>>> print(open('target.cif').read())   # mmCIF, C-alpha atoms and all ligand atoms
data_protein
loop_
_atom_site.label_atom_id
_atom_site.label_comp_id
_atom_site.auth_asym_id
_atom_site.auth_seq_id
_atom_site.Cartn_x
_atom_site.Cartn_y
_atom_site.Cartn_z
CA MET A 359 122.18 124.44 120.86
CA LYS A 360 118.67 125.85 120.66
CA ILE A 361 116.60 123.06 119.11
CA ASN A 362 112.93 123.17 118.11
CA VAL A 363 111.37 119.71 117.86
CA ILE A 364 108.00 119.62 116.08
CA GLY A 365 105.64 116.77 116.91
CA GLY A 366 104.60 115.13 120.16
CA GLY A 367 104.39 111.55 118.84
CA ALA A 368 106.79 108.77 119.88
CA ILE A 369 109.77 109.98 117.84
CA GLY A 370 109.25 113.66 118.73
CA LEU A 371 109.07 112.83 122.45
CA LEU A 372 112.12 110.56 122.24
CA ALA A 373 114.21 113.13 120.34
CA ALA A 374 113.15 115.97 122.68
CA ALA A 375 113.94 113.90 125.78
CA LYS A 376 117.32 112.61 124.55
CA LEU A 377 118.48 115.95 123.15
CA GLY A 378 116.92 117.91 126.04
CA ARG A 379 119.52 116.50 128.43
CA PHE A 380 122.30 118.43 126.67
CA HIS A 381 120.58 121.18 124.69
CA ASP A 382 117.99 123.89 125.03
CA VAL A 383 115.00 122.04 123.52
CA ARG A 384 111.57 123.41 122.73
CA LEU A 385 108.87 120.89 121.86
CA LEU A 386 106.01 122.04 119.63
CA THR A 387 102.86 119.97 119.99
CA ARG A 388 99.58 119.89 118.08
CA THR A 389 97.42 120.42 121.16
CA ARG A 390 97.67 122.83 124.07
CA GLU A 391 96.66 119.95 126.42
CA GLN A 392 99.84 118.05 125.53
CA SER A 393 102.19 121.03 125.89
CA ASP A 394 100.57 121.98 129.23
CA GLU A 395 100.97 118.42 130.49
CA ILE A 396 104.66 118.32 129.50
CA THR A 397 105.24 121.73 131.11
CA VAL A 398 103.67 120.60 134.39
CA LYS A 399 104.90 116.99 134.58
CA GLY A 400 108.12 117.09 132.54
CA LEU A 401 109.02 114.65 129.78
CA HIS A 402 109.32 111.06 131.08
CA LEU A 403 111.76 108.61 129.50
CA GLY A 404 112.28 105.46 131.57
CA ASP A 405 113.24 106.63 135.08
CA GLU A 406 114.33 110.03 133.85
CA VAL A 407 112.26 113.21 133.87
CA ILE A 408 113.62 115.81 131.48
CA THR A 409 112.57 119.42 131.55
CA VAL A 410 111.86 120.89 128.13
CA GLU A 411 109.91 123.95 127.10
CA ALA A 412 106.65 122.84 125.44
CA LEU A 413 104.39 125.03 123.32
CA PRO A 414 101.30 124.43 121.22
CA ALA A 415 101.53 124.86 117.45
CA ALA A 416 99.47 128.04 117.63
CA ASP A 417 102.37 129.89 119.34
CA TRP A 418 104.99 129.19 116.66
CA GLN A 419 105.34 132.74 115.46
CA ASP A 420 106.96 133.85 118.76
CA LEU A 421 109.92 131.49 118.75
CA GLY A 422 112.81 133.80 117.98
CA GLN A 423 116.24 132.54 116.87
CA SER A 424 117.05 128.80 116.99
CA ASP A 425 119.90 126.64 115.68
CA VAL A 426 117.96 123.76 114.21
CA TRP A 427 114.40 122.56 113.64
CA ILE A 428 113.66 118.84 113.83
CA VAL A 429 110.36 117.86 112.23
CA CYS A 430 108.98 114.60 113.64
CA VAL A 431 105.36 114.62 112.45
CA LYS A 432 104.02 111.78 110.30
CA GLN A 433 104.34 112.16 106.55
CA TYR A 434 100.58 112.72 106.09
CA ASP A 435 100.67 115.78 108.44
CA LEU A 436 103.88 117.16 107.00
CA GLN A 437 102.76 119.30 104.10
CA ALA A 438 100.43 121.46 106.22
CA ILE A 439 103.14 121.98 108.87
CA TRP A 440 105.77 122.71 106.27
CA GLU A 441 103.66 125.45 104.64
CA LYS A 442 103.76 127.24 107.98
CA LEU A 443 107.28 126.29 109.06
CA LYS A 444 108.99 127.41 105.87
CA LEU A 445 107.88 130.97 106.60
CA HIS A 446 109.36 130.91 110.14
CA ALA A 447 112.40 128.64 109.82
CA ASN A 448 115.57 130.63 110.40
CA ALA A 449 118.00 127.71 110.66
CA ALA A 450 118.60 124.20 109.29
CA VAL A 451 115.51 121.98 109.09
CA VAL A 452 115.81 118.22 109.70
CA PHE A 453 113.00 115.94 108.47
CA LEU A 454 112.57 112.61 110.28
CA GLN A 455 109.77 110.86 108.39
CA ASN A 456 109.16 107.35 107.14
CA GLY A 457 108.66 107.25 103.40
CA MET A 458 110.04 109.68 100.81
CA ASN A 459 107.20 111.88 99.55
CA HIS A 460 108.73 114.91 101.27
CA THR A 461 111.91 114.65 99.19
CA ASP A 462 109.80 115.29 96.08
CA PHE A 463 108.27 118.54 97.29
CA LEU A 464 111.39 119.76 99.11
CA GLN A 465 113.50 119.49 95.98
CA VAL A 466 111.39 121.76 93.80
CA GLU A 467 112.03 124.86 95.96
CA ASP A 468 115.17 126.77 97.04
CA PHE A 469 115.59 127.69 100.70
CA ASP A 470 117.95 130.04 102.54
CA TYR A 471 118.72 127.36 105.11
CA PRO A 472 120.01 123.77 104.85
CA ILE A 473 117.49 120.96 104.38
CA ILE A 474 118.51 117.66 105.98
CA VAL A 475 116.67 114.36 105.83
CA GLY A 476 116.97 111.60 108.38
CA SER A 477 116.19 107.97 108.93
CA VAL A 478 115.17 106.84 112.42
CA GLU A 479 116.15 103.31 113.39
CA HIS A 480 115.06 103.56 117.04
CA GLY A 481 112.02 101.82 118.43
CA ALA A 482 109.88 104.21 120.48
CA LEU A 483 106.43 103.88 122.02
CA ARG A 484 104.36 106.84 123.21
CA ILE A 485 102.81 105.72 126.49
CA ASN A 486 100.88 108.95 127.07
CA SER A 487 101.20 112.61 126.13
CA HIS A 488 104.30 113.17 128.32
CA THR A 489 105.84 109.65 128.51
CA VAL A 490 107.83 107.73 125.92
CA GLU A 491 109.45 104.31 126.09
CA HIS A 492 112.67 103.65 124.19
CA THR A 493 111.87 100.15 122.93
CA GLY A 494 114.80 99.68 120.55
CA GLU A 495 118.14 101.44 120.89
CA ALA A 496 119.70 102.14 117.51
CA ALA A 497 120.62 105.37 115.66
CA ILE A 498 119.36 108.31 113.64
CA ARG A 499 121.11 108.84 110.31
CA LEU A 500 121.22 112.28 108.67
CA ALA A 501 122.12 113.32 105.12
CA ASP A 502 122.02 116.62 103.22
CA LEU A 503 119.17 117.12 100.78
CA SER A 504 120.37 120.64 99.98
CA ASP A 505 123.45 122.51 101.22
CA HIS A 506 126.25 120.90 103.31
CA TYR A 507 125.40 121.03 106.97
CA ALA A 508 124.44 117.52 108.08
CA GLU A 509 127.99 116.52 109.05
CA VAL A 510 128.45 119.68 111.17
CA LEU A 511 125.13 119.02 112.90
CA VAL A 512 125.96 115.37 113.51
CA ASN A 513 129.20 116.42 115.24
CA GLN A 514 127.20 118.67 117.56
CA LEU A 515 124.36 116.26 118.35
CA ASN A 516 125.89 112.77 118.36
CA LYS A 517 126.14 111.12 121.81
CA PRO A 518 127.11 107.52 122.66
CA ASP A 519 123.69 106.69 124.13
CA PHE A 520 121.80 108.47 121.31
CA PRO A 521 123.90 108.04 118.17
CA ILE A 522 123.31 110.47 115.32
CA LEU A 523 125.35 109.46 112.29
CA PHE A 524 126.25 111.16 109.02
CA GLU A 525 125.39 109.59 105.66
CA GLN A 526 126.71 110.86 102.32
CA ASN A 527 123.86 109.69 100.11
CA TRP A 528 120.33 110.69 101.11
CA HIS A 529 118.67 108.66 98.35
CA MET A 530 120.42 105.46 99.36
CA MET A 531 119.73 106.13 103.06
CA LEU A 532 116.00 106.89 102.74
CA GLY A 533 115.50 104.42 99.89
CA THR A 534 116.95 101.54 101.92
CA LYS A 535 114.62 102.35 104.85
CA LEU A 536 111.65 102.81 102.51
CA ILE A 537 112.19 99.42 100.88
CA ALA A 538 112.21 97.72 104.30
CA ASN A 539 109.00 99.56 105.20
CA ALA A 540 107.41 98.76 101.81
CA VAL A 541 107.92 95.05 102.48
CA ILE A 542 107.49 94.65 106.24
CA ASN A 543 104.76 97.17 107.09
CA PRO A 544 101.92 96.30 104.71
CA LEU A 545 102.52 92.53 104.81
CA THR A 546 102.55 92.33 108.62
CA ALA A 547 99.45 94.56 108.75
CA ILE A 548 97.54 92.48 106.17
CA TYR A 549 98.56 89.10 107.60
CA ARG A 550 98.36 90.40 111.21
CA VAL A 551 101.69 88.84 112.13
CA LYS A 552 104.83 89.96 113.95
CA ASN A 553 107.72 91.03 111.72
CA GLY A 554 109.65 87.77 112.22
CA GLU A 555 106.84 85.61 110.84
CA LEU A 556 107.51 86.97 107.35
CA LEU A 557 110.60 84.76 107.21
CA GLU A 558 109.07 81.82 109.07
CA HIS A 559 106.67 80.83 106.29
CA PRO A 560 108.10 80.21 102.78
CA ALA A 561 104.85 81.56 101.30
CA PHE A 562 105.15 84.91 103.14
CA GLU A 563 108.85 85.08 102.34
CA ARG A 564 108.17 84.59 98.63
CA ILE A 565 105.77 87.53 98.56
CA ALA A 566 108.13 89.66 100.67
CA LYS A 567 110.98 89.01 98.22
CA VAL A 568 108.94 90.06 95.18
CA LEU A 569 107.73 93.22 96.97
CA CYS A 570 111.35 94.02 97.79
CA LYS A 571 112.38 93.63 94.14
CA GLU A 572 109.56 95.88 92.92
CA ALA A 573 110.51 98.60 95.43
CA ALA A 574 114.26 98.30 94.74
CA ASP A 575 113.71 98.53 90.97
CA ALA A 576 111.40 101.56 91.39
CA LEU A 577 114.04 103.36 93.46
CA GLY A 578 116.97 102.29 91.27
CA LEU A 579 118.69 100.39 94.10
CA GLU A 580 120.34 96.98 93.87
CA GLY A 581 117.79 94.21 94.63
CA VAL A 582 119.99 91.47 96.12
CA GLN A 583 121.64 93.88 98.54
CA GLN A 584 118.25 95.34 99.51
CA TRP A 585 116.74 91.89 100.14
CA ALA A 586 119.69 91.04 102.44
CA ASN A 587 118.99 94.28 104.33
CA VAL A 588 115.24 93.59 104.59
CA ARG A 589 116.00 90.12 105.98
CA ARG A 590 118.43 91.66 108.48
CA ILE A 591 115.77 94.14 109.69
CA ILE A 592 113.10 91.44 109.91
CA ASN A 593 115.42 89.33 112.05
CA ALA A 594 116.46 92.29 114.21
CA THR A 595 112.81 93.26 114.85
CA LYS A 596 111.29 89.78 114.73
CA ALA A 597 109.32 90.15 117.96
CA ASN A 598 107.87 93.57 116.98
CA LEU A 599 104.54 94.58 115.56
CA SER A 600 105.30 96.96 112.70
CA SER A 601 104.05 100.54 112.98
CA MET A 602 101.49 99.92 110.20
CA HIS A 603 100.22 96.78 111.91
CA ARG A 604 99.74 98.85 115.08
CA ASP A 605 98.09 101.70 113.14
CA ILE A 606 95.60 99.31 111.54
CA GLN A 607 94.87 97.66 114.90
CA ALA A 608 94.21 101.06 116.47
CA GLY A 609 92.09 102.31 113.55
CA ARG A 610 94.60 105.10 112.79
CA GLN A 611 95.64 106.50 109.45
CA THR A 612 98.63 104.59 108.02
CA GLU A 613 101.73 105.78 106.17
CA ILE A 614 100.92 103.63 103.12
CA GLU A 615 100.82 106.66 100.76
CA SER A 616 104.37 107.72 101.55
CA ILE A 617 105.71 104.15 101.43
CA SER A 618 103.98 101.92 98.84
CA GLY A 619 102.41 105.01 97.23
CA TYR A 620 105.91 106.39 96.63
CA VAL A 621 107.03 103.09 95.07
CA ARG A 622 104.00 103.11 92.72
CA ASP A 623 104.60 106.76 91.74
CA HIS A 624 108.28 106.17 90.92
CA ALA A 625 108.03 102.73 89.26
CA LYS A 626 108.89 102.63 85.56
CA GLN A 627 107.16 99.29 85.10
CA ALA A 628 104.14 97.49 86.57
CA VAL A 629 104.33 96.77 90.33
CA PRO A 630 101.38 94.39 90.85
CA TYR A 631 102.40 93.16 94.31
CA THR A 632 102.87 96.73 95.53
CA ASP A 633 99.48 97.69 94.01
CA PHE A 634 97.93 94.77 95.87
CA VAL A 635 99.28 95.72 99.30
CA TYR A 636 98.62 99.42 98.68
CA TYR A 637 94.93 98.88 97.91
CA SER A 638 94.60 96.25 100.64
CA ILE A 639 95.81 98.70 103.30
CA LEU A 640 93.55 101.46 101.98
CA GLY A 641 90.64 99.03 102.11
CA LEU A 642 91.47 97.77 105.58
CA THR A 643 91.69 101.31 106.90
CA LYS A 644 88.29 102.18 105.45
CA GLN A 645 86.81 99.01 106.93
CA GLN A 646 88.17 99.95 110.29
CA GLU A 647 86.91 103.51 109.99
CA ARG A 648 83.42 102.23 109.21
CA THR A 649 83.51 99.84 112.15
CA TYR A 650 84.59 102.67 114.43
CA LEU A 651 81.84 105.07 113.29
O1 LIG A 701 107.72 101.01 110.78
C1 LIG A 701 108.24 100.09 111.47
O2 LIG A 701 107.59 99.35 112.19
C2 LIG A 701 109.75 99.95 111.44
O3 LIG A 701 110.27 100.96 110.62
C3 LIG A 701 110.26 98.58 110.98
C4 LIG A 701 111.71 98.70 110.59
C5 LIG A 701 109.48 98.01 109.85
C6 LIG A 701 110.28 97.63 112.14
O4 LIG A 701 109.04 97.32 112.66
#
>>> encode(input="target.cif", output="structure tokens", more="lines below")
Ligand code: PAF
Amino acid sequence: MKINVIGGGAIGLLAAAKLGRFHDVRLLTRTREQSDEITVKGLHLGDEVITVEALPAADWQDLGQSDVWIVCVKQYDLQAIWEKLKLHANAAVVFLQNGMNHTDFLQVEDFDYPIIVGSVEHGALRINSHTVEHTGEAAIRLADLSDHYAEVLVNQLNKPDFPILFEQNWHMMLGTKLIANAVINPLTAIYRVKNGELLEHPAFERIAKVLCKEAADALGLEGVQQWANVRRIINATKANLSSMHRDIQAGRQTEIESISGYVRDHAKQAVPYTDFVYYSILGLTKQQERTYL
């Protein structure tokens, strides 16, 4: 297949490298420096070097026909990219973002091509602009947001060492991931602890459980089942620093708007614990920005 992957972050590099072994992959990066580096050095994943075509965003208009677009940029960069991509997309578009804000704006328009949303369960770490480490082997799950194409695509892309699985219900799939992120990410970033510590202290666990209930209620998903899933993910990733914890440490923008912000926007009743973590992360980010200036 001819696949265009947009985004040279950890997930974009991982997807391009894994899919590039079997398909004709083009990787679209924000900077020309990154695409030049990938063109010269290849894409490094463990001991493997995979050759993919890399282009800077500025050259998008010349891409010609492709079979699928996979958008791997962070939620806060998505809207600007999407304004441009929707004019050029000529095939199914797959969105692999944390959070759910994109589902709101994607549902208000009609498109001539299928829109698919995905949930990434892999751990990936970008080492440098052309090297990615696969830190947690898991799966990518895909579901249709509009049209019926996800299952066909899954059958073409799924491989035993890079599972891509079909899900019937996009809201349940993304909602379940969002609830885990709404609990684990802000709490680990505020407390500066590894994921596993949230279940090691009864006080942390108590707060985590209430956050989970607020998020589950806001999304209309069953709370007990969601708490069991959050506990499972905390245990499975207990030695990890969450992505938000790492973002705060590095002074980067966080995904709080598309995670806790989404919960606040969709809640039908007060969500005081979610408000607290939401404003705490905003405040911490500003503090860090000031320190870095
Ligand atoms: O964002 C993250 O860090 C991950 O999605 C998760 C599941 C919370 C594990 O760290």
>>> closest_residue(input="target.cif", among="A:Val407, A:Ile498, A:Ala375, A:Ala597", to="ligand LIG 701 (chain A)", atoms="all atoms listed in the file")
A:Ala597
>>> residues_around(input="target.cif", residues="range 411-418 of chain A", least_positions_apart="5", cutoff="10 Å", atoms="all atoms listed in the file", output="VMD selection string")
chain A and resid 362 to 366 374 378 382 to 398 400 to 401 439 442 to 443 446
>>> residues_around(input="target.cif", residues="Thr643 in chain A", least_positions_apart="6", cutoff="8 Å", atoms="all atoms listed in the file", output="list in words")
Ile606, Gly609, Arg610, Gln611 and Thr612 of chain A
>>> atom_distance(input="target.cif", atom1="CA of Glu495 in chain A", atom2="CA of Ser600 in chain A")
15.9 Å
>>> atom_distance(input="target.cif", atom1="CA of Thr632 in chain A", atom2="CA of Asn593 in chain A")
22.0 Å
>>> closest_residue(input="target.cif", among="A:Tyr637, A:Thr461, A:Ile361, A:Glu525", to="Trp427 in chain A", atoms="all atoms listed in the file")
A:Ile361
>>> axis_aligned_box(input="target.cif", around="range 611-624 of chain A", padding_each_side="3 Å", output="lines of an AutoDock Vina configuration file")
center_x = 102.0
center_y = 104.8
center_z = 100.2
size_x = 18.6
size_y = 11.8
size_z = 24.5
>>> atom_distance(input="target.cif", atom1="CA of Asn513 in chain A", atom2="CA of Gly494 in chain A")
22.7 Å
>>> closest_residue(input="target.cif", among="A:Val635, A:Ala574, A:Ala496, A:Ala608", to="Ile548 in chain A", atoms="all atoms listed in the file")
A:Val635
>>> build_atoms(input="target.cif", residues="range 420-446 of chain A", atoms="N, CA and C atoms", output="mmCIF file, in the coordinates of the input")
data_model
loop_
_atom_site.group_PDB
_atom_site.id
_atom_site.type_symbol
_atom_site.label_atom_id
_atom_site.label_comp_id
_atom_site.auth_asym_id
_atom_site.auth_seq_id
_atom_site.Cartn_x
_atom_site.Cartn_y
_atom_site.Cartn_z
ATOM 1 N N ASP A 420 106.180 133.112 117.752
ATOM 2 C CA ASP A 420 106.960 133.850 118.760
ATOM 3 C C ASP A 420 108.283 133.160 119.125
ATOM 4 N N LEU A 421 108.814 132.327 118.284
ATOM 5 C CA LEU A 421 109.920 131.490 118.750
ATOM 6 C C LEU A 421 111.306 132.130 118.752
ATOM 7 N N GLY A 422 111.499 133.164 117.995
ATOM 8 C CA GLY A 422 112.810 133.800 117.980
ATOM 9 C C GLY A 422 113.865 132.932 117.292
ATOM 10 N N GLN A 423 115.143 133.229 117.556
ATOM 11 C CA GLN A 423 116.240 132.540 116.870
ATOM 12 C C GLN A 423 116.423 131.109 117.418
ATOM 13 N N SER A 424 116.704 130.150 116.525
ATOM 14 C CA SER A 424 117.050 128.800 116.990
ATOM 15 C C SER A 424 118.164 128.280 116.088
ATOM 16 N N ASP A 425 118.779 127.170 116.472
ATOM 17 C CA ASP A 425 119.900 126.640 115.680
ATOM 18 C C ASP A 425 119.481 125.543 114.728
ATOM 19 N N VAL A 426 118.428 124.824 115.106
ATOM 20 C CA VAL A 426 117.960 123.760 114.210
ATOM 21 C C VAL A 426 116.502 123.419 114.538
ATOM 22 N N TRP A 427 115.773 123.051 113.492
ATOM 23 C CA TRP A 427 114.400 122.560 113.640
ATOM 24 C C TRP A 427 114.414 121.076 113.303
ATOM 25 N N ILE A 428 113.740 120.280 114.126
ATOM 26 C CA ILE A 428 113.660 118.840 113.830
ATOM 27 C C ILE A 428 112.182 118.491 113.702
ATOM 28 N N VAL A 429 111.781 118.077 112.504
ATOM 29 C CA VAL A 429 110.360 117.860 112.230
ATOM 30 C C VAL A 429 110.065 116.364 112.348
ATOM 31 N N CYS A 430 109.227 116.021 113.342
ATOM 32 C CA CYS A 430 108.980 114.600 113.640
ATOM 33 C C CYS A 430 107.527 114.196 113.401
ATOM 34 N N VAL A 431 106.757 115.003 112.681
ATOM 35 C CA VAL A 431 105.360 114.620 112.450
ATOM 36 C C VAL A 431 105.300 113.531 111.383
ATOM 37 N N LYS A 432 104.182 112.815 111.322
ATOM 38 C CA LYS A 432 104.020 111.780 110.300
ATOM 39 C C LYS A 432 103.937 112.442 108.925
ATOM 40 N N GLN A 433 104.303 111.656 107.933
ATOM 41 C CA GLN A 433 104.340 112.160 106.550
ATOM 42 C C GLN A 433 103.005 112.803 106.131
ATOM 43 N N TYR A 434 101.866 112.196 106.555
ATOM 44 C CA TYR A 434 100.580 112.720 106.090
ATOM 45 C C TYR A 434 100.212 114.059 106.754
ATOM 46 N N ASP A 435 100.923 114.457 107.819
ATOM 47 C CA ASP A 435 100.670 115.780 108.440
ATOM 48 C C ASP A 435 101.724 116.799 108.006
ATOM 49 N N LEU A 436 102.693 116.329 107.225
ATOM 50 C CA LEU A 436 103.880 117.160 107.000
ATOM 51 C C LEU A 436 103.621 118.383 106.137
ATOM 52 N N GLN A 437 102.892 118.193 105.050
ATOM 53 C CA GLN A 437 102.760 119.300 104.100
ATOM 54 C C GLN A 437 102.133 120.538 104.754
ATOM 55 N N ALA A 438 101.105 120.327 105.571
ATOM 56 C CA ALA A 438 100.430 121.460 106.220
ATOM 57 C C ALA A 438 101.400 122.166 107.179
ATOM 58 N N ILE A 439 102.183 121.400 107.924
ATOM 59 C CA ILE A 439 103.140 121.980 108.870
ATOM 60 C C ILE A 439 104.234 122.733 108.110
ATOM 61 N N TRP A 440 104.666 122.125 107.023
ATOM 62 C CA TRP A 440 105.770 122.710 106.270
ATOM 63 C C TRP A 440 105.373 124.056 105.652
ATOM 64 N N GLU A 441 104.127 124.171 105.196
ATOM 65 C CA GLU A 441 103.660 125.450 104.640
ATOM 66 C C GLU A 441 103.848 126.561 105.661
ATOM 67 N N LYS A 442 103.613 126.251 106.924
ATOM 68 C CA LYS A 442 103.760 127.240 107.980
ATOM 69 C C LYS A 442 105.231 127.402 108.392
ATOM 70 N N LEU A 443 105.902 126.256 108.573
ATOM 71 C CA LEU A 443 107.280 126.290 109.060
ATOM 72 C C LEU A 443 108.212 127.017 108.092
ATOM 73 N N LYS A 444 108.012 126.839 106.798
ATOM 74 C CA LYS A 444 108.990 127.410 105.870
ATOM 75 C C LYS A 444 108.995 128.942 105.931
ATOM 76 N N LEU A 445 107.928 129.521 106.444
ATOM 77 C CA LEU A 445 107.880 130.970 106.600
ATOM 78 C C LEU A 445 108.635 131.426 107.853
ATOM 79 N N HIS A 446 108.751 130.533 108.860
ATOM 80 C CA HIS A 446 109.360 130.910 110.140
ATOM 81 C C HIS A 446 110.755 130.328 110.325
#
